[in-house]
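Have a look at query_5.tsv below; it lists TSV, C-alpha atoms.
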chain	number	residue	atom	x	y	z
A	234	PRO	CA	9.40	54.96	-8.69
A	235	GLU	CA	11.64	57.77	-7.53
A	236	ALA	CA	10.46	60.30	-4.97
A	237	TYR	CA	11.48	63.90	-4.50
A	238	PRO	CA	12.64	64.90	-2.03
A	239	PRO	CA	14.26	61.50	-1.40
A	240	THR	CA	13.43	59.63	1.79
A	241	PHE	CA	15.41	57.05	3.76
A	242	ILE	CA	12.31	55.03	4.66
A	243	PRO	CA	10.37	53.89	1.56
A	244	ARG	CA	6.61	54.29	1.48
A	245	SER	CA	6.22	50.94	-0.26
A	246	ILE	CA	8.40	47.95	-1.15
A	247	THR	CA	8.60	46.91	-4.80
A	248	LEU	CA	10.85	44.90	-7.12
A	249	GLU	CA	9.93	47.05	-10.11
A	250	ASN	CA	13.36	48.70	-10.31
A	251	PHE	CA	15.17	45.35	-10.37
A	252	VAL	CA	12.86	44.08	-13.10
A	253	TYR	CA	13.48	47.24	-15.13
A	254	ILE	CA	17.29	47.09	-15.15
A	255	PHE	CA	17.27	43.48	-16.36
A	256	THR	CA	14.40	43.54	-18.84
A	257	LYS	CA	13.73	47.10	-20.07
A	258	SER	CA	16.96	49.10	-19.79
A	259	ARG	CA	18.81	49.78	-23.07
A	260	ASN	CA	22.22	49.93	-21.38
A	261	PHE	CA	21.92	47.23	-18.74
A	262	GLY	CA	20.61	43.68	-18.50
A	263	VAL	CA	22.06	40.26	-17.71
A	264	MET	CA	25.00	40.37	-20.16
A	265	PRO	CA	27.11	42.97	-18.27
A	266	PHE	CA	26.93	40.85	-15.12
A	267	LEU	CA	27.84	37.73	-17.09
A	268	ASN	CA	30.81	39.57	-18.61
A	269	SER	CA	31.97	40.75	-15.19
A	270	PHE	CA	31.70	37.19	-13.85
A	271	ILE	CA	33.78	35.91	-16.77
A	272	TYR	CA	36.43	38.60	-16.27
A	273	ALA	CA	36.59	38.13	-12.50
A	274	SER	CA	36.59	34.31	-12.61
A	275	GLY	CA	39.21	34.19	-15.36
A	276	THR	CA	41.38	36.64	-13.42
A	277	ALA	CA	41.06	34.61	-10.21
A	278	LEU	CA	41.94	31.29	-11.87
A	279	LEU	CA	44.87	32.66	-13.84
A	280	THR	CA	46.20	34.63	-10.87
A	281	VAL	CA	46.10	31.61	-8.56
A	282	GLY	CA	47.91	29.46	-11.12
A	283	ILE	CA	50.68	31.98	-11.80
A	284	CYS	CA	51.14	33.10	-8.19
A	285	SER	CA	51.24	29.55	-6.86
A	286	LEU	CA	54.17	28.72	-9.13
A	287	SER	CA	56.02	32.01	-8.68
A	288	GLY	CA	55.46	32.05	-4.92
A	289	TYR	CA	56.71	28.47	-4.64
A	290	ALA	CA	59.84	29.32	-6.64
A	291	LEU	CA	60.63	32.34	-4.45
A	292	SER	CA	60.02	30.33	-1.29
A	293	ARG	CA	61.87	27.12	-2.08
A	294	TYR	CA	64.67	28.02	-4.49
A	295	ARG	CA	67.69	30.27	-4.16
A	296	PHE	CA	68.88	31.96	-7.34
A	297	PRO	CA	70.60	35.23	-8.30
A	298	GLY	CA	68.29	38.25	-8.29
A	299	ARG	CA	65.62	36.45	-6.29
A	300	ARG	CA	64.86	39.38	-3.99
A	301	TRP	CA	64.92	41.96	-6.77
A	302	ILE	CA	62.19	40.16	-8.70
A	303	GLY	CA	59.64	40.99	-6.03
A	304	VAL	CA	60.86	44.57	-5.76
A	305	ALA	CA	60.55	45.01	-9.53
A	306	MET	CA	56.98	43.65	-9.55
A	307	PHE	CA	55.90	46.05	-6.81
A	308	LEU	CA	57.56	49.02	-8.49
A	309	LEU	CA	55.69	48.34	-11.72
A	310	ASN	CA	52.37	48.19	-9.85
A	311	MET	CA	53.07	51.49	-8.09
A	312	LEU	CA	52.55	53.38	-11.36
A	313	PRO	CA	49.06	54.97	-11.48
A	314	ALA	CA	46.69	53.21	-13.85
A	315	LEU	CA	45.90	56.46	-15.68
A	316	SER	CA	49.57	56.91	-16.60
A	317	LYS	CA	49.52	53.58	-18.46
A	318	LEU	CA	46.22	53.90	-20.35
A	319	ILE	CA	47.59	55.41	-23.57
A	320	ALA	CA	50.45	52.90	-23.77
A	321	LEU	CA	48.06	50.02	-23.04
A	322	TYR	CA	45.61	51.24	-25.68
A	323	ILE	CA	48.33	51.39	-28.34
A	324	MET	CA	49.81	48.04	-27.35
A	325	TYR	CA	46.43	46.27	-27.25
A	326	SER	CA	45.44	47.72	-30.63
A	327	ARG	CA	48.63	46.43	-32.24
A	328	LEU	CA	48.42	43.00	-30.61
A	329	GLY	CA	44.76	42.49	-31.48
A	330	LEU	CA	43.71	42.37	-27.83
A	331	TYR	CA	41.60	45.53	-27.91
A	332	ASP	CA	37.91	44.88	-27.27
A	333	THR	CA	38.45	41.23	-26.30
A	334	ARG	CA	37.68	39.31	-23.14
A	335	ILE	CA	41.08	37.64	-22.99
A	336	GLY	CA	42.74	41.07	-23.18
A	337	LEU	CA	41.01	42.31	-20.05
A	338	ILE	CA	41.60	39.06	-18.17
A	339	LEU	CA	45.33	39.17	-18.93
A	340	LEU	CA	45.55	42.80	-17.87
A	341	TYR	CA	43.64	42.25	-14.62
A	342	THR	CA	45.86	39.26	-13.86
A	343	ALA	CA	49.01	41.29	-14.43
A	344	GLY	CA	47.83	43.75	-11.82
A	345	GLN	CA	47.35	41.00	-9.21
A	346	VAL	CA	50.54	38.98	-9.72
A	347	ALA	CA	52.78	41.01	-7.38
A	348	PHE	CA	50.39	40.89	-4.42
A	349	GLY	CA	49.39	37.27	-5.02
A	350	THR	CA	52.99	36.10	-5.40
A	351	TRP	CA	54.05	37.49	-2.03
A	352	VAL	CA	50.97	36.13	-0.28
A	353	MET	CA	51.70	32.67	-1.68
A	354	LYS	CA	55.41	32.97	-0.88
A	355	GLY	CA	54.58	33.78	2.72
A	356	TYR	CA	52.20	30.85	2.92
A	357	PHE	CA	54.71	28.43	1.40
A	358	ASP	CA	57.29	29.68	3.93
A	359	SER	CA	54.91	28.56	6.69
A	360	ILE	CA	54.79	24.98	5.35
A	361	PRO	CA	57.68	22.86	6.73
A	362	LEU	CA	60.18	21.82	4.09
A	363	ASP	CA	60.52	18.49	5.90
A	364	LEU	CA	57.24	17.32	4.37
A	365	GLU	CA	58.60	17.68	0.86
A	366	GLU	CA	61.90	16.09	1.81
A	367	ALA	CA	60.04	13.09	3.22
A	368	ALA	CA	58.07	12.79	-0.01
A	369	ARG	CA	61.29	12.90	-2.05
A	370	VAL	CA	62.76	10.13	0.08
A	371	ASP	CA	59.74	8.05	-0.90
A	372	GLY	CA	60.49	8.69	-4.57
A	373	ALA	CA	58.33	11.73	-5.37
A	374	SER	CA	59.54	14.16	-8.02
A	375	PRO	CA	59.66	17.94	-7.37
A	376	TRP	CA	56.41	18.38	-9.33
A	377	GLN	CA	54.73	15.60	-7.34
A	378	CYS	CA	55.85	17.24	-4.10
A	379	LEU	CA	54.28	20.49	-5.24
A	380	LEU	CA	51.01	18.98	-6.52
A	381	TYR	CA	50.36	16.36	-3.85
A	382	VAL	CA	52.04	17.76	-0.73
A	383	THR	CA	52.49	21.53	-0.78
A	384	LEU	CA	49.53	22.81	-2.80
A	385	PRO	CA	46.86	20.95	-0.78
A	386	LEU	CA	48.30	22.50	2.39
A	387	SER	CA	48.29	25.97	0.82
A	388	LEU	CA	44.59	26.07	-0.07
A	389	PRO	CA	43.83	28.93	2.40
A	390	GLY	CA	46.52	31.06	0.77
A	391	MET	CA	45.20	30.23	-2.69
A	392	GLY	CA	41.70	31.10	-1.51
A	393	ALA	CA	42.86	34.51	-0.27
A	394	VAL	CA	44.56	35.25	-3.59
A	395	ALA	CA	41.50	34.08	-5.54
A	396	VAL	CA	39.05	36.18	-3.51
A	397	ASN	CA	41.21	39.29	-3.84
A	398	ALA	CA	41.69	38.77	-7.60
A	399	PHE	CA	37.99	38.09	-8.15
A	400	SER	CA	36.88	41.21	-6.29
A	401	SER	CA	39.45	43.33	-8.13
A	402	GLY	CA	38.31	42.04	-11.53
A	403	TRP	CA	34.66	42.42	-10.56
A	404	ASP	CA	34.93	46.08	-9.53
A	405	GLU	CA	37.37	47.41	-12.16
A	406	PHE	CA	36.07	50.28	-14.32
A	407	MET	CA	38.70	52.49	-15.98
A	408	LEU	CA	40.58	49.81	-17.94
A	409	ALA	CA	37.34	48.20	-19.09
A	410	LEU	CA	35.98	51.55	-20.22
A	411	THR	CA	39.15	52.30	-22.22
A	412	LEU	CA	39.88	48.89	-23.71
A	413	THR	CA	36.37	47.73	-24.68
A	414	GLN	CA	34.08	49.18	-27.29
A	415	SER	CA	31.42	46.57	-28.00
A	416	LYS	CA	28.28	46.74	-25.90
A	417	GLU	CA	28.32	42.94	-25.72
A	418	LEU	CA	31.72	42.88	-23.97
A	419	ARG	CA	31.43	45.63	-21.39
A	420	PRO	CA	31.20	44.66	-17.71
A	421	TYR	CA	28.55	45.84	-15.30
A	422	THR	CA	30.69	48.76	-14.06
A	423	VAL	CA	30.72	50.33	-17.53
A	424	ALA	CA	27.05	49.49	-18.05
A	425	LEU	CA	26.24	51.14	-14.73
A	426	SER	CA	27.93	54.36	-15.84
A	427	ALA	CA	25.81	54.30	-19.00
A	428	LEU	CA	22.70	53.71	-16.92
A	429	VAL	CA	23.33	56.93	-14.99
A	430	GLY	CA	22.60	59.11	-18.01
A	431	GLU	CA	20.32	56.77	-19.92
A	432	TYR	CA	17.53	59.34	-20.19
A	433	GLY	CA	19.55	62.52	-19.76
A	434	ARG	CA	19.10	62.51	-16.01
A	435	VAL	CA	20.13	60.34	-13.08
A	436	ALA	CA	17.45	57.77	-12.31
A	437	TRP	CA	18.59	57.03	-8.79
A	438	HIS	CA	16.04	54.27	-8.23
A	439	HIS	CA	17.46	52.30	-11.19
A	440	VAL	CA	21.08	53.06	-10.30
A	441	SER	CA	20.50	52.01	-6.68
A	442	ALA	CA	18.90	48.73	-7.75
A	443	ALA	CA	21.84	47.96	-10.04
A	444	GLY	CA	24.27	48.85	-7.25
A	445	VAL	CA	22.59	46.46	-4.82
A	446	VAL	CA	22.71	43.61	-7.33
A	447	SER	CA	26.38	44.30	-8.07
A	448	LEU	CA	27.28	43.92	-4.38
A	449	LEU	CA	25.69	40.48	-3.95
A	450	PRO	CA	28.43	38.32	-5.58
A	451	ILE	CA	31.21	39.96	-3.54
A	452	VAL	CA	29.26	39.71	-0.28
A	453	LEU	CA	28.44	36.05	-0.89
A	454	LEU	CA	32.05	35.33	-1.84
A	455	PHE	CA	33.40	36.79	1.40
A	456	VAL	CA	30.74	35.08	3.51
A	457	ILE	CA	31.57	31.68	2.01
A	458	PHE	CA	35.38	32.03	1.95
A	459	GLN	CA	35.99	34.44	4.83
A	460	ARG	CA	37.91	31.89	6.92
A	461	ALA	CA	40.22	30.94	4.06
A	462	PHE	CA	40.69	34.61	3.17
A	463	VAL	CA	41.69	35.64	6.70
A	464	ALA	CA	43.89	32.59	7.23
A	465	GLY	CA	45.64	33.03	3.92
A	466	LEU	CA	46.36	36.72	4.41
A	467	SER	CA	47.50	36.16	7.99
A	468	ALA	CA	49.98	33.44	7.07
A	469	GLY	CA	51.15	35.22	3.94
A	470	GLY	CA	51.59	38.54	5.64
A	471	THR	CA	53.52	37.44	8.71
A	472	LYS	CA	56.23	35.29	7.12

Using structure tokens, write down the structure that the file contains.
Amino acid sequence: PEAYPPTFIPRSITLENFVYIFTKSRNFGVMPFLNSFIYASGTALLTVGICSLSGYALSRYRFPGRRWIGVAMFLLNMLPALSKLIALYIMYSRLGLYDTRIGLILLYTAGQVAFGTWVMKGYFDSIPLDLEEAARVDGASPWQCLLYVTLPLSLPGMGAVAVNAFSSGWDEFMLALTLTQSKELRPYTVALSALVGEYGRVAWHHVSAAGVVSLLPIVLLFVIFQRAFVAGLSAGGTK
């Protein structure tokens, strides 16, 4: 239960607030967290796949306009998200992507491609080209060189891109609020905003419990993959 005035040291320890947000709240529950996990995981997988291929192409091949591709991607991502909301709403409504899971995953992925591509490019630059040339001498095709030689060596870079994409998809609020309508599809960030005014006032004990739970996946992710994350960013950022 909440106390007024609030205190930093609780008088008693209870799990009642955690039980409430998952079992009794009208605007919260397990589904928003499941939706956020789907959005974040889908974004991470799709981002790693796209950025691995695009980063490899920018690192290994020379073609006209190669440098300008990266500049164009960064310029597009420099636009504030609020300036694109109306255009995105109209486009998603016409394409049938409004209020869909795949629509949010595609949009979150688009926002991560520029950063992920340059991280992967930097990591591929750190892998000696001699390894691929040796594989080609032994009869390997370009795709086999990528799948069996280069990608296994670039796992730290892929881990860094995946962690960054997952955390971005997990925490996003504005796009999800604008492009979803169904209660069954909204992520925990939107559900948390609804929880704030569930009874016409801010129930800080419920909001705090939901906030603590929302932090756990990101904390666990960084604890488990912190070495890969640091190694991937270091290699990708210095080349």

**Request:** Would you list the residues near (35.9, 34.6, -15.3), meaning any protein, DNA or RNA residue with an atom at most 12 Å from that point in file coordinates, counting only C-alpha atoms, as a ChimeraX atom specification?
**Result:** /A:266-280,334-335,337-339,341-342,395,398-403,420

**Request:** May I have the residues within 9 Å of Leu315 of chain A as a list in words, using all atoms listed in the file and disregarding those fewer than 4 positions away in the same chain?
**Result:**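 Here the qualifying residues turn out to be Ile319, Met407 and Leu408 of chain A.
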
Any chance you could export the current selection's C-alpha atoms as a PDB file, keeping the file's coordinate frame?
ATOM      1  CA  ILE A 319      47.590  55.410 -23.570  1.00  0.00           C
ATOM      2  CA  MET A 407      38.700  52.490 -15.980  1.00  0.00           C
ATOM      3  CA  LEU A 408      40.580  49.810 -17.940  1.00  0.00           C
TER       4      LEU A 408
END

**Asked** How far is it from atom CA of Asn397 of chain A to atom CA of Phe251 of chain A, in Å with one decimal?
**Response**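 According to the coordinates, atom CA of Asn397 of chain A and atom CA of Phe251 of chain A are separated by 27.5 Å.
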
**Request:** Rank A:Phe261, A:Tyr253, A:Phe458, A:Tyr289 by their smallest atom-to-atom distance to Gly392 of chain A, using all atoms listed in the file, and report the top residue only.
**Result:** A:Phe458

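Considering the residues A:Ala393, A:Leu428, A:Leu386, A:Met264 and counting all atoms listed in the file, Leu454 of chain A has its shortest atom-to-atom contact with A:Ala393.
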
**Request:** Measure the distance from atom CA of Phe357 of chain A to atom CA of Gly282 of chain A in Å and round it to one decimal.
**Result:** 14.3 Å

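By chain and then residue number, the residues within 9 Å of Val394 of chain A are Ala277, Thr280, Val281, Cys284, Gln345, Phe348, Gly349, Thr350, Val352, Met353, Pro389, Gly390, Met391, Gly392, Val396, Asn397, Ala398, Phe399, Phe462, Gly465 and Leu466 of chain A, counting all atoms listed in the file and disregarding those fewer than 2 positions away in sequence.
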
**Message:** I'd like the contact shell of Val440 of chain A - 9 Å cut-off, all atoms listed in the file, skipping same-chain residues fewer than 4 positions apart - returned as an NGL selection string.
**Reply:** :A and (250 or 254 or 425-426 or 428-429 or 435-436 or 444-445)

**Fill in**
Expressed in Å, the length from atom CA of Val304 of chain A to atom CA of Leu330 of chain A is 28.0 Å

My structure is short of atoms at segment 314-325 of chain A; please model all heavy atoms there, returning them as a JSON list (two decimals), keeping the file's coordinate frame.
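File produced: out09.json:
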[["chain", "number", "residue", "atom", "x", "y", "z"],
["A", 314, "ALA", "N", 47.30, 53.84, -12.68],
["A", 314, "ALA", "CA", 46.69, 53.21, -13.85],
["A", 314, "ALA", "C", 46.48, 54.21, -14.98],
["A", 314, "ALA", "O", 46.65, 53.87, -16.16],
["A", 314, "ALA", "CB", 45.35, 52.58, -13.45],
["A", 315, "LEU", "N", 46.14, 55.46, -14.65],
["A", 315, "LEU", "CA", 45.90, 56.46, -15.68],
["A", 315, "LEU", "C", 47.16, 56.76, -16.50],
["A", 315, "LEU", "O", 47.06, 57.10, -17.68],
["A", 315, "LEU", "CB", 45.38, 57.75, -15.05],
["A", 315, "LEU", "CG", 43.96, 57.70, -14.46],
["A", 315, "LEU", "CD1", 43.62, 59.02, -13.80],
["A", 315, "LEU", "CD2", 42.94, 57.37, -15.53],
["A", 316, "SER", "N", 48.33, 56.63, -15.87],
["A", 316, "SER", "CA", 49.57, 56.91, -16.60],
["A", 316, "SER", "C", 49.90, 55.83, -17.63],
["A", 316, "SER", "O", 50.75, 56.04, -18.49],
["A", 316, "SER", "CB", 50.73, 57.05, -15.61],
["A", 316, "SER", "OG", 51.00, 55.81, -14.97],
["A", 317, "LYS", "N", 49.24, 54.68, -17.54],
["A", 317, "LYS", "CA", 49.52, 53.58, -18.46],
["A", 317, "LYS", "C", 48.44, 53.38, -19.51],
["A", 317, "LYS", "O", 48.59, 52.52, -20.38],
["A", 317, "LYS", "CB", 49.69, 52.28, -17.66],
["A", 317, "LYS", "CG", 50.83, 52.31, -16.66],
["A", 317, "LYS", "CD", 50.94, 51.01, -15.89],
["A", 317, "LYS", "CE", 49.84, 50.90, -14.84],
["A", 317, "LYS", "NZ", 50.02, 49.72, -13.95],
["A", 318, "LEU", "N", 47.36, 54.16, -19.46],
["A", 318, "LEU", "CA", 46.22, 53.90, -20.35],
["A", 318, "LEU", "C", 46.56, 54.07, -21.82],
["A", 318, "LEU", "O", 46.20, 53.25, -22.66],
["A", 318, "LEU", "CB", 45.06, 54.82, -19.97],
["A", 318, "LEU", "CG", 44.23, 54.40, -18.76],
["A", 318, "LEU", "CD1", 43.13, 55.40, -18.50],
["A", 318, "LEU", "CD2", 43.67, 53.01, -18.95],
["A", 319, "ILE", "N", 47.27, 55.15, -22.16],
["A", 319, "ILE", "CA", 47.59, 55.41, -23.57],
["A", 319, "ILE", "C", 48.50, 54.31, -24.12],
["A", 319, "ILE", "O", 48.29, 53.79, -25.22],
["A", 319, "ILE", "CB", 48.23, 56.79, -23.73],
["A", 319, "ILE", "CG1", 47.25, 57.89, -23.32],
["A", 319, "ILE", "CG2", 48.70, 57.00, -25.17],
["A", 319, "ILE", "CD1", 47.81, 59.29, -23.39],
["A", 320, "ALA", "N", 49.53, 53.96, -23.33],
["A", 320, "ALA", "CA", 50.45, 52.90, -23.77],
["A", 320, "ALA", "C", 49.72, 51.57, -23.91],
["A", 320, "ALA", "O", 49.95, 50.81, -24.87],
["A", 320, "ALA", "CB", 51.60, 52.77, -22.78],
["A", 321, "LEU", "N", 48.82, 51.26, -22.97],
["A", 321, "LEU", "CA", 48.06, 50.02, -23.04],
["A", 321, "LEU", "C", 47.13, 50.01, -24.25],
["A", 321, "LEU", "O", 46.99, 48.99, -24.93],
["A", 321, "LEU", "CB", 47.26, 49.82, -21.76],
["A", 321, "LEU", "CG", 48.05, 49.44, -20.52],
["A", 321, "LEU", "CD1", 47.16, 49.48, -19.29],
["A", 321, "LEU", "CD2", 48.66, 48.05, -20.67],
["A", 322, "TYR", "N", 46.52, 51.15, -24.53],
["A", 322, "TYR", "CA", 45.61, 51.24, -25.68],
["A", 322, "TYR", "C", 46.36, 50.97, -26.98],
["A", 322, "TYR", "O", 45.90, 50.21, -27.84],
["A", 322, "TYR", "CB", 44.95, 52.61, -25.72],
["A", 322, "TYR", "CG", 44.02, 52.80, -26.89],
["A", 322, "TYR", "CD1", 42.70, 52.36, -26.83],
["A", 322, "TYR", "CD2", 44.46, 53.42, -28.06],
["A", 322, "TYR", "CE1", 41.84, 52.53, -27.90],
["A", 322, "TYR", "CE2", 43.61, 53.59, -29.14],
["A", 322, "TYR", "CZ", 42.31, 53.15, -29.05],
["A", 322, "TYR", "OH", 41.46, 53.30, -30.12],
["A", 323, "ILE", "N", 47.53, 51.59, -27.13],
["A", 323, "ILE", "CA", 48.33, 51.39, -28.34],
["A", 323, "ILE", "C", 48.81, 49.94, -28.45],
["A", 323, "ILE", "O", 48.73, 49.31, -29.51],
["A", 323, "ILE", "CB", 49.52, 52.36, -28.36],
["A", 323, "ILE", "CG1", 49.03, 53.81, -28.43],
["A", 323, "ILE", "CG2", 50.45, 52.06, -29.52],
["A", 323, "ILE", "CD1", 50.14, 54.84, -28.29],
["A", 324, "MET", "N", 49.30, 49.40, -27.34],
["A", 324, "MET", "CA", 49.81, 48.04, -27.35],
["A", 324, "MET", "C", 48.70, 47.04, -27.66],
["A", 324, "MET", "O", 48.88, 46.13, -28.47],
["A", 324, "MET", "CB", 50.45, 47.71, -25.99],
["A", 324, "MET", "CG", 51.04, 46.32, -25.92],
["A", 324, "MET", "SD", 51.78, 45.96, -24.31],
["A", 324, "MET", "CE", 50.30, 45.90, -23.28],
["A", 325, "TYR", "N", 47.54, 47.20, -27.03],
["A", 325, "TYR", "CA", 46.43, 46.27, -27.25],
["A", 325, "TYR", "C", 45.90, 46.37, -28.68],
["A", 325, "TYR", "O", 45.49, 45.36, -29.27],
["A", 325, "TYR", "CB", 45.33, 46.54, -26.24],
["A", 325, "TYR", "CG", 45.43, 45.67, -25.01],
["A", 325, "TYR", "CD1", 46.64, 45.53, -24.34],
["A", 325, "TYR", "CD2", 44.33, 44.96, -24.53],
["A", 325, "TYR", "CE1", 46.75, 44.72, -23.24],
["A", 325, "TYR", "CE2", 44.43, 44.15, -23.43],
["A", 325, "TYR", "CZ", 45.64, 44.02, -22.78],
["A", 325, "TYR", "OH", 45.75, 43.21, -21.69]]
